[in-house]
$ cat coords_22.csv   # CSV, C-alpha atoms
chain,number,residue,atom,x,y,z
A,823,SER,CA,0.0,0.0,0.0
A,824,LEU,CA,0.9,3.7,-0.3
A,825,GLU,CA,-0.1,5.4,3.0
A,826,SER,CA,0.2,8.8,4.5
A,827,SER,CA,2.4,9.5,7.5
A,828,THR,CA,-0.8,9.3,9.6
A,829,GLY,CA,-1.9,5.9,8.2
A,830,ALA,CA,-4.5,7.0,5.6
A,831,ILE,CA,-4.4,4.5,2.7
A,832,HIS,CA,-4.0,6.2,-0.7
A,833,THR,CA,-4.0,2.8,-2.6
A,834,GLN,CA,-3.4,-0.8,-1.9
A,835,THR,CA,-3.3,-4.2,-3.6
A,836,ALA,CA,-2.6,-7.8,-2.7
A,837,ILE,CA,0.5,-9.8,-3.5
A,838,LYS,CA,0.7,-13.6,-3.1
A,839,ALA,CA,4.0,-14.5,-1.4
A,840,SER,CA,6.2,-17.0,-3.3
A,841,PRO,CA,7.9,-20.0,-1.6
A,842,THR,CA,11.1,-19.1,-3.6
A,843,TRP,CA,12.7,-15.9,-4.7
A,844,ALA,CA,10.5,-14.3,-7.4
A,845,ARG,CA,10.1,-10.9,-9.0
A,846,THR,CA,6.6,-9.4,-8.5
A,847,GLU,CA,5.3,-6.2,-10.1
A,848,VAL,CA,2.0,-4.5,-9.2
A,849,LEU,CA,0.5,-1.2,-10.4
A,850,LEU,CA,-0.4,1.3,-7.6
A,851,LYS,CA,-2.6,4.2,-8.5
A,852,PRO,CA,-2.7,6.6,-5.5
A,853,THR,CA,-5.8,8.7,-4.9
A,854,ALA,CA,-3.9,11.7,-3.6
A,855,THR,CA,-0.6,13.6,-4.0
A,856,ASP,CA,1.5,13.1,-0.9
A,857,PRO,CA,5.2,13.9,-0.7
A,858,LYS,CA,5.5,12.1,2.6
A,859,ALA,CA,3.7,8.9,1.6
A,860,LEU,CA,5.1,5.6,2.6
A,861,LEU,CA,5.4,2.3,0.8
A,862,ARG,CA,4.1,-0.3,3.3
A,863,LEU,CA,4.3,-4.2,3.0
A,864,THR,CA,1.9,-5.7,5.5
A,865,PRO,CA,1.8,-9.5,6.0
A,866,THR,CA,-1.8,-10.9,6.3
A,867,ALA,CA,-0.8,-14.1,8.0
A,868,ASN,CA,1.8,-15.4,10.5
A,869,GLY,CA,5.2,-16.3,9.1
A,870,THR,CA,8.4,-14.8,7.8
A,871,VAL,CA,8.6,-12.8,4.6
A,872,HIS,CA,12.0,-11.9,3.0
A,873,VAL,CA,12.1,-8.9,0.7
A,874,ALA,CA,15.4,-8.4,-1.2
A,875,TYR,CA,14.5,-5.4,-3.2
A,876,ALA,CA,11.6,-3.0,-3.2
A,877,SER,CA,11.3,0.0,-5.5
A,878,LEU,CA,8.6,2.5,-6.5
A,879,MET,CA,9.0,3.4,-10.2
A,880,PRO,CA,6.8,5.9,-12.1
A,881,VAL,CA,5.0,4.5,-15.2
A,882,ASP,CA,5.7,7.7,-17.1
A,883,THR,CA,9.5,7.9,-17.2
A,884,PHE,CA,11.8,10.0,-19.4
A,885,LYS,CA,11.3,8.7,-23.0
A,886,GLU,CA,9.2,5.9,-21.5
A,887,ARG,CA,12.2,3.8,-20.7
A,888,PRO,CA,11.8,0.7,-18.4
A,889,ASN,CA,13.6,1.4,-15.2
A,890,GLY,CA,13.9,4.9,-16.5
A,891,LEU,CA,14.6,8.3,-15.1
A,892,ARG,CA,12.2,10.7,-13.4
A,893,LYS,CA,10.6,12.6,-16.3
A,894,ASP,CA,10.7,16.0,-14.6
A,895,LEU,CA,14.4,15.8,-13.6
A,896,ALA,CA,15.7,14.2,-16.8
A,897,SER,CA,13.8,16.7,-18.9
A,898,LEU,CA,15.4,19.6,-17.1
A,899,VAL,CA,18.8,18.2,-17.9
A,900,ASP,CA,17.7,17.6,-21.5
A,901,ALA,CA,16.5,21.2,-21.8
A,902,MET,CA,20.1,22.4,-20.9
A,903,LYS,CA,21.3,20.7,-24.1
A,904,PRO,CA,24.6,19.4,-22.5
A,905,GLY,CA,27.5,18.6,-24.8
A,906,PHE,CA,28.2,15.5,-22.7
A,907,VAL,CA,27.2,13.8,-19.5
A,908,ARG,CA,29.9,12.2,-17.2
A,909,PHE,CA,29.3,8.8,-15.5
A,910,PRO,CA,30.0,8.0,-12.8
A,911,GLY,CA,31.0,11.0,-10.7
A,912,GLY,CA,34.5,11.9,-9.7
A,913,CYS,CA,35.2,10.9,-6.2
A,914,PHE,CA,32.6,8.1,-6.6
A,915,ILE,CA,34.8,6.3,-9.2
A,916,GLU,CA,37.8,6.5,-6.8
A,917,GLY,CA,36.3,5.7,-3.5
A,918,HIS,CA,38.1,6.5,-0.2
A,919,THR,CA,39.7,3.1,-0.7
A,920,LEU,CA,40.0,1.0,-3.8
A,921,ALA,CA,37.5,-1.5,-2.2
A,922,GLN,CA,34.9,1.4,-2.2
A,923,ALA,CA,35.5,2.3,-5.9
A,924,PHE,CA,32.5,2.1,-8.2
A,925,ASP,CA,32.2,-1.1,-10.2
A,926,TRP,CA,30.2,-0.6,-13.4
A,927,LYS,CA,29.7,-4.4,-13.9
A,928,LYS,CA,27.6,-4.4,-10.7
A,929,SER,CA,25.3,-1.8,-12.1
A,930,ILE,CA,24.0,-3.7,-15.2
A,931,GLY,CA,21.4,-6.5,-15.6
A,932,PRO,CA,18.1,-6.9,-13.8
A,933,VAL,CA,17.8,-4.1,-11.3
A,934,GLU,CA,16.7,-6.4,-8.5
A,935,GLN,CA,19.8,-8.5,-8.9
A,936,ARG,CA,22.3,-5.7,-8.8
A,937,PRO,CA,24.2,-5.7,-5.5
A,938,THR,CA,24.1,-2.5,-3.5
A,939,HIS,CA,27.2,-0.4,-3.3
A,940,PRO,CA,27.6,-0.7,0.5
A,941,ARG,CA,29.2,2.6,1.2
A,942,SER,CA,29.8,5.4,-1.2
A,943,PHE,CA,32.5,8.0,-0.8
A,944,TRP,CA,30.0,10.2,1.0
A,945,GLY,CA,29.0,7.4,3.5
A,946,TYR,CA,25.6,6.3,2.3
A,947,PRO,CA,24.6,3.2,0.3
A,948,ILE,CA,23.9,3.3,-3.4
A,949,THR,CA,21.3,1.0,-5.0
A,950,ASN,CA,22.9,0.9,-8.5
A,951,GLY,CA,19.3,1.4,-9.8
A,952,LEU,CA,20.8,3.9,-12.2
A,953,GLY,CA,23.5,2.0,-13.9
A,954,TYR,CA,25.9,2.1,-16.8
A,955,HIS,CA,23.3,0.8,-19.3
A,956,GLU,CA,20.7,3.4,-18.3
A,957,TYR,CA,23.3,6.1,-18.5
A,958,LEU,CA,24.2,5.3,-22.0
A,959,GLN,CA,20.6,5.1,-22.9
A,960,TRP,CA,19.9,8.5,-21.4
A,961,CYS,CA,22.7,10.1,-23.3
A,962,GLU,CA,21.3,8.7,-26.5
A,963,ASP,CA,17.8,9.9,-25.7
A,964,MET,CA,19.2,13.4,-25.1
A,965,GLY,CA,21.4,13.3,-28.2
A,966,THR,CA,24.5,14.1,-26.1
A,967,GLU,CA,27.9,12.5,-25.9
A,968,ALA,CA,28.6,9.9,-23.2
A,969,LEU,CA,31.8,10.3,-21.1
A,970,PHE,CA,32.7,7.3,-19.1
A,971,VAL,CA,35.2,7.6,-16.2
A,972,ALA,CA,37.5,4.6,-15.6
A,973,ASN,CA,39.3,4.0,-12.3
A,974,CYS,CA,43.1,4.2,-12.9
A,975,GLY,CA,44.0,2.1,-9.9
A,976,MET,CA,44.0,5.1,-7.5
A,977,SER,CA,41.7,6.0,-4.7
A,978,HIS,CA,41.8,8.8,-2.2
A,979,THR,CA,44.1,6.8,0.1
A,980,GLU,CA,45.6,3.9,-2.0
A,981,VAL,CA,47.5,3.4,-5.2
A,982,ALA,CA,47.5,-0.1,-6.9
A,983,PRO,CA,50.9,-1.4,-7.7
A,984,MET,CA,51.8,-1.4,-11.4
A,985,ASP,CA,51.9,-5.2,-11.4
A,986,GLN,CA,48.2,-5.1,-10.5
A,987,MET,CA,47.1,-2.6,-13.1
A,988,GLY,CA,46.0,-5.3,-15.5
A,989,ARG,CA,42.6,-5.6,-13.9
A,990,TYR,CA,42.0,-1.8,-14.1
A,991,VAL,CA,43.0,-1.7,-17.7
A,992,GLN,CA,40.8,-4.7,-18.6
A,993,ASP,CA,37.9,-3.2,-16.7
A,994,ALA,CA,38.1,0.0,-18.8
A,995,LEU,CA,38.3,-2.1,-22.0
A,996,ASP,CA,35.3,-4.1,-20.9
A,997,ALA,CA,33.3,-1.0,-20.3
A,998,ILE,CA,34.1,0.3,-23.8
A,999,GLU,CA,33.2,-3.1,-25.3
A,1000,TYR,CA,29.9,-3.0,-23.5
A,1001,ALA,CA,29.0,0.3,-25.2
A,1002,LEU,CA,30.7,-0.2,-28.6
A,1003,GLY,CA,31.2,-3.9,-29.1
A,1004,PRO,CA,29.1,-6.1,-31.4
A,1005,ALA,CA,26.4,-8.3,-29.9
A,1006,THR,CA,28.8,-11.3,-30.6
A,1007,SER,CA,31.5,-9.9,-28.2
A,1008,LYS,CA,31.6,-10.9,-24.6
A,1009,TRP,CA,30.4,-7.6,-23.1
A,1010,GLY,CA,28.4,-6.7,-26.2
A,1011,SER,CA,26.4,-9.9,-25.7
A,1012,GLU,CA,25.7,-8.8,-22.1
A,1013,ARG,CA,24.4,-5.5,-23.5
A,1014,ALA,CA,22.2,-7.5,-25.9
A,1015,LYS,CA,20.9,-9.6,-22.9
A,1016,ASN,CA,19.9,-6.3,-21.3
A,1017,GLY,CA,17.7,-5.4,-24.3
A,1018,ARG,CA,20.1,-3.6,-26.6
A,1019,ALA,CA,21.7,-5.5,-29.5
A,1020,LYS,CA,22.8,-2.3,-31.3
A,1021,PRO,CA,26.0,-0.6,-29.9
A,1022,PHE,CA,25.6,2.7,-28.1
A,1023,ARG,CA,27.7,5.7,-28.9
A,1024,LEU,CA,30.7,6.3,-26.5
A,1025,ARG,CA,33.0,9.1,-27.6
A,1026,TYR,CA,34.9,10.0,-24.4
A,1027,VAL,CA,36.7,8.1,-21.7
A,1028,LYS,CA,38.3,9.8,-18.8
A,1029,ILE,CA,41.1,8.0,-17.1
A,1030,GLY,CA,41.1,8.6,-13.3
A,1031,ASN,CA,39.7,11.6,-11.5
A,1032,GLU,CA,41.6,14.5,-10.0
A,1033,ASN,CA,44.8,12.5,-9.6
A,1034,GLY,CA,48.2,13.7,-10.7
A,1035,GLY,CA,51.9,13.3,-10.1
A,1036,PRO,CA,54.3,10.5,-11.2
A,1037,ALA,CA,52.0,7.7,-10.0
A,1038,TYR,CA,49.1,9.0,-12.1
A,1039,ASN,CA,51.3,9.7,-15.1
A,1040,GLU,CA,52.5,6.2,-15.1
A,1041,ARG,CA,49.1,4.6,-14.8
A,1042,TYR,CA,47.5,7.0,-17.3
A,1043,ALA,CA,50.1,6.0,-19.9
A,1044,ARG,CA,49.5,2.3,-19.3
A,1045,MET,CA,45.7,2.6,-19.7
A,1046,ALA,CA,45.9,5.0,-22.6
A,1047,LYS,CA,48.2,2.8,-24.6
A,1048,ALA,CA,45.8,-0.2,-24.2
A,1049,ILE,CA,42.7,1.8,-25.1
A,1050,GLU,CA,44.2,3.6,-28.1
A,1051,ALA,CA,45.4,0.3,-29.5
A,1052,LYS,CA,41.9,-1.3,-29.4
A,1053,TYR,CA,39.6,1.7,-29.7
A,1054,PRO,CA,41.4,4.5,-31.6
A,1055,GLN,CA,38.1,6.3,-32.2
A,1056,VAL,CA,37.7,7.0,-28.5
A,1057,GLU,CA,38.9,10.3,-27.2
A,1058,LEU,CA,40.8,10.1,-23.9
A,1059,ILE,CA,40.7,12.7,-21.2
A,1060,ALA,CA,43.2,13.2,-18.3
A,1061,CYS,CA,41.9,14.6,-15.1
A,1062,VAL,CA,44.9,16.1,-13.2
A,1063,TRP,CA,44.5,17.7,-9.7
A,1064,GLY,CA,45.8,21.2,-9.2
A,1065,VAL,CA,46.6,22.1,-12.8
A,1066,VAL,CA,45.9,25.7,-13.6
A,1067,PRO,CA,45.0,26.4,-17.2
A,1068,THR,CA,47.2,28.8,-19.1

$ encode --input "coords_22.csv" --output "structure tokens"
Amino acid sequence: SLESSTGAIHTQTAIKASPTWARTEVLLKPTATDPKALLRLTPTANGTVHVAYASLMPVDTFKERPNGLRKDLASLVDAMKPGFVRFPGGCFIEGHTLAQAFDWKKSIGPVEQRPTHPRSFWGYPITNGLGYHEYLQWCEDMGTEALFVANCGMSHTEVAPMDQMGRYVQDALDAIEYALGPATSKWGSERAKNGRAKPFRLRYVKIGNENGGPAYNERYARMAKAIEAKYPQVELIACVWGVVPT
């Protein structure tokens, strides 16, 4: 049900519990506008109910995309006619530690199966409901360029040794393949499973975020060489901390 903070029911429906994990969708049509309304799941019999994921999604999303964006917010961004949109954000791609860094591979696939990012750089959990696939779709819907940010093996407190950089290089290559690869490729096939056989457009890839110094230079060169060799059409961006334009 959707209820007010005082318990008034705006709308409700029945859901039959499943003995195994199952996805259930229902349509709720509230009878009132209430910014403080609550989504409430109320068992009608004794027992234990496990809920792994619960989400309220509007039917009318931006460009009518499943698991889409709020139409009002996305339309405001669209009206700005941005030249590009960056994903993910800066400090979020780094994390305070490398273990807290954003992992784009955990942000694709069925939304209820995406693991929660337990603790973002700012200290609160992230559902991964808006993932890499939805981001690429949003950029296409707006007619703007996509800019993907790849972790370069650096966080706010850690730097991965150069002999461990292979995983970060491959992760960036995989992200590009997810966007640009044919449906027969490893990550292009994952994109196709998620409902998109045709490649997306991905023009920009930024390596790292607000890093700099010898450690960054070395890791940027390693990643840039690998990306340029396989995807020469992608434009690479360095993000160096403390550089004053001249």

$ atom_distance --input "coords_22.csv" --atom1 "CA of Ser877 (chain A)" --atom2 "CA of Gly829 (chain A)"
19.9 Å

$ closest_residue --input "coords_22.csv" --among "A:Phe884, A:Trp960, A:Trp926, A:Trp944" --to "Trp1009 (chain A)" --atoms "all atoms listed in the file"
A:Trp926

$ atom_distance --input "coords_22.csv" --atom1 "CA of Val971 (chain A)" --atom2 "CA of Ile915 (chain A)"
7.1 Å

$ residues_near_point --input "coords_22.csv" --point "(32.3, 2.3, -6.2)" --cutoff "12 Å" --atoms "all atoms listed in the file" --output "number ranges by chain"
A: 909-929, 937-950, 953, 971-973, 977

$ write_last_selection --input "coords_22.csv" --atoms "C-alpha atoms" --output "short mmCIF file (atom, residue, chain, number, x, y, z; two decimals), keeping the file's coordinate frame"
data_model
loop_
_atom_site.label_atom_id
_atom_site.label_comp_id
_atom_site.auth_asym_id
_atom_site.auth_seq_id
_atom_site.Cartn_x
_atom_site.Cartn_y
_atom_site.Cartn_z
CA PHE A 909 29.30 8.80 -15.50
CA PRO A 910 30.00 8.00 -12.80
CA GLY A 911 31.00 11.00 -10.70
CA GLY A 912 34.50 11.90 -9.70
CA CYS A 913 35.20 10.90 -6.20
CA PHE A 914 32.60 8.10 -6.60
CA ILE A 915 34.80 6.30 -9.20
CA GLU A 916 37.80 6.50 -6.80
CA GLY A 917 36.30 5.70 -3.50
CA HIS A 918 38.10 6.50 -0.20
CA THR A 919 39.70 3.10 -0.70
CA LEU A 920 40.00 1.00 -3.80
CA ALA A 921 37.50 -1.50 -2.20
CA GLN A 922 34.90 1.40 -2.20
CA ALA A 923 35.50 2.30 -5.90
CA PHE A 924 32.50 2.10 -8.20
CA ASP A 925 32.20 -1.10 -10.20
CA TRP A 926 30.20 -0.60 -13.40
CA LYS A 927 29.70 -4.40 -13.90
CA LYS A 928 27.60 -4.40 -10.70
CA SER A 929 25.30 -1.80 -12.10
CA PRO A 937 24.20 -5.70 -5.50
CA THR A 938 24.10 -2.50 -3.50
CA HIS A 939 27.20 -0.40 -3.30
CA PRO A 940 27.60 -0.70 0.50
CA ARG A 941 29.20 2.60 1.20
CA SER A 942 29.80 5.40 -1.20
CA PHE A 943 32.50 8.00 -0.80
CA TRP A 944 30.00 10.20 1.00
CA GLY A 945 29.00 7.40 3.50
CA TYR A 946 25.60 6.30 2.30
CA PRO A 947 24.60 3.20 0.30
CA ILE A 948 23.90 3.30 -3.40
CA THR A 949 21.30 1.00 -5.00
CA ASN A 950 22.90 0.90 -8.50
CA GLY A 953 23.50 2.00 -13.90
CA VAL A 971 35.20 7.60 -16.20
CA ALA A 972 37.50 4.60 -15.60
CA ASN A 973 39.30 4.00 -12.30
CA SER A 977 41.70 6.00 -4.70
#

$ closest_residue --input "coords_22.csv" --among "A:Tyr1053, A:Tyr954, A:Trp843, A:Phe970" --to "Val871 (chain A)" --atoms "only C-alpha atoms"
A:Trp843

$ residues_around --input "coords_22.csv" --residues "Asn1016 (chain A)" --least-positions-apart "3" --cutoff "9 Å" --atoms "only C-alpha atoms" --output "ChimeraX atom specification"
/A:930-932,955,1011-1013,1019

$ atom_distance --input "coords_22.csv" --atom1 "CA of Gly1017 (chain A)" --atom2 "CA of Ala1051 (chain A)"
28.8 Å

$ residues_around --input "coords_22.csv" --residues "region 1021-1035 of chain A" --least-positions-apart "5" --cutoff "8 Å" --atoms "only C-alpha atoms" --output "CSV table (one decimal) with C-alpha atoms, in the coordinates of the input"
chain,number,residue,atom,x,y,z
A,912,GLY,CA,34.5,11.9,-9.7
A,913,CYS,CA,35.2,10.9,-6.2
A,915,ILE,CA,34.8,6.3,-9.2
A,916,GLU,CA,37.8,6.5,-6.8
A,958,LEU,CA,24.2,5.3,-22.0
A,959,GLN,CA,20.6,5.1,-22.9
A,962,GLU,CA,21.3,8.7,-26.5
A,967,GLU,CA,27.9,12.5,-25.9
A,968,ALA,CA,28.6,9.9,-23.2
A,969,LEU,CA,31.8,10.3,-21.1
A,970,PHE,CA,32.7,7.3,-19.1
A,971,VAL,CA,35.2,7.6,-16.2
A,972,ALA,CA,37.5,4.6,-15.6
A,973,ASN,CA,39.3,4.0,-12.3
A,974,CYS,CA,43.1,4.2,-12.9
A,975,GLY,CA,44.0,2.1,-9.9
A,976,MET,CA,44.0,5.1,-7.5
A,998,ILE,CA,34.1,0.3,-23.8
A,1000,TYR,CA,29.9,-3.0,-23.5
A,1001,ALA,CA,29.0,0.3,-25.2
A,1002,LEU,CA,30.7,-0.2,-28.6
A,1003,GLY,CA,31.2,-3.9,-29.1
A,1004,PRO,CA,29.1,-6.1,-31.4
A,1005,ALA,CA,26.4,-8.3,-29.9
A,1010,GLY,CA,28.4,-6.7,-26.2
A,1042,TYR,CA,47.5,7.0,-17.3
A,1045,MET,CA,45.7,2.6,-19.7
A,1046,ALA,CA,45.9,5.0,-22.6
A,1055,GLN,CA,38.1,6.3,-32.2
A,1056,VAL,CA,37.7,7.0,-28.5
A,1057,GLU,CA,38.9,10.3,-27.2
A,1058,LEU,CA,40.8,10.1,-23.9
A,1059,ILE,CA,40.7,12.7,-21.2
A,1060,ALA,CA,43.2,13.2,-18.3
A,1061,CYS,CA,41.9,14.6,-15.1
A,1062,VAL,CA,44.9,16.1,-13.2
A,1063,TRP,CA,44.5,17.7,-9.7
A,1064,GLY,CA,45.8,21.2,-9.2

$ residues_near_point --input "coords_22.csv" --point "(16.5, 18.9, -18.9)" --cutoff "12 Å" --atoms "only C-alpha atoms" --output "list in words"
Phe884, Leu891, Arg892, Lys893, Asp894, Leu895, Ala896, Ser897, Leu898, Val899, Asp900, Ala901, Met902, Lys903, Pro904, Val907, Trp960, Cys961, Asp963, Met964, Gly965 and Thr966 of chain A

$ closest_residue --input "coords_22.csv" --among "A:Leu952, A:Ala1037, A:Val848, A:Leu861" --to "Gly890 (chain A)" --atoms "only C-alpha atoms"
A:Leu952
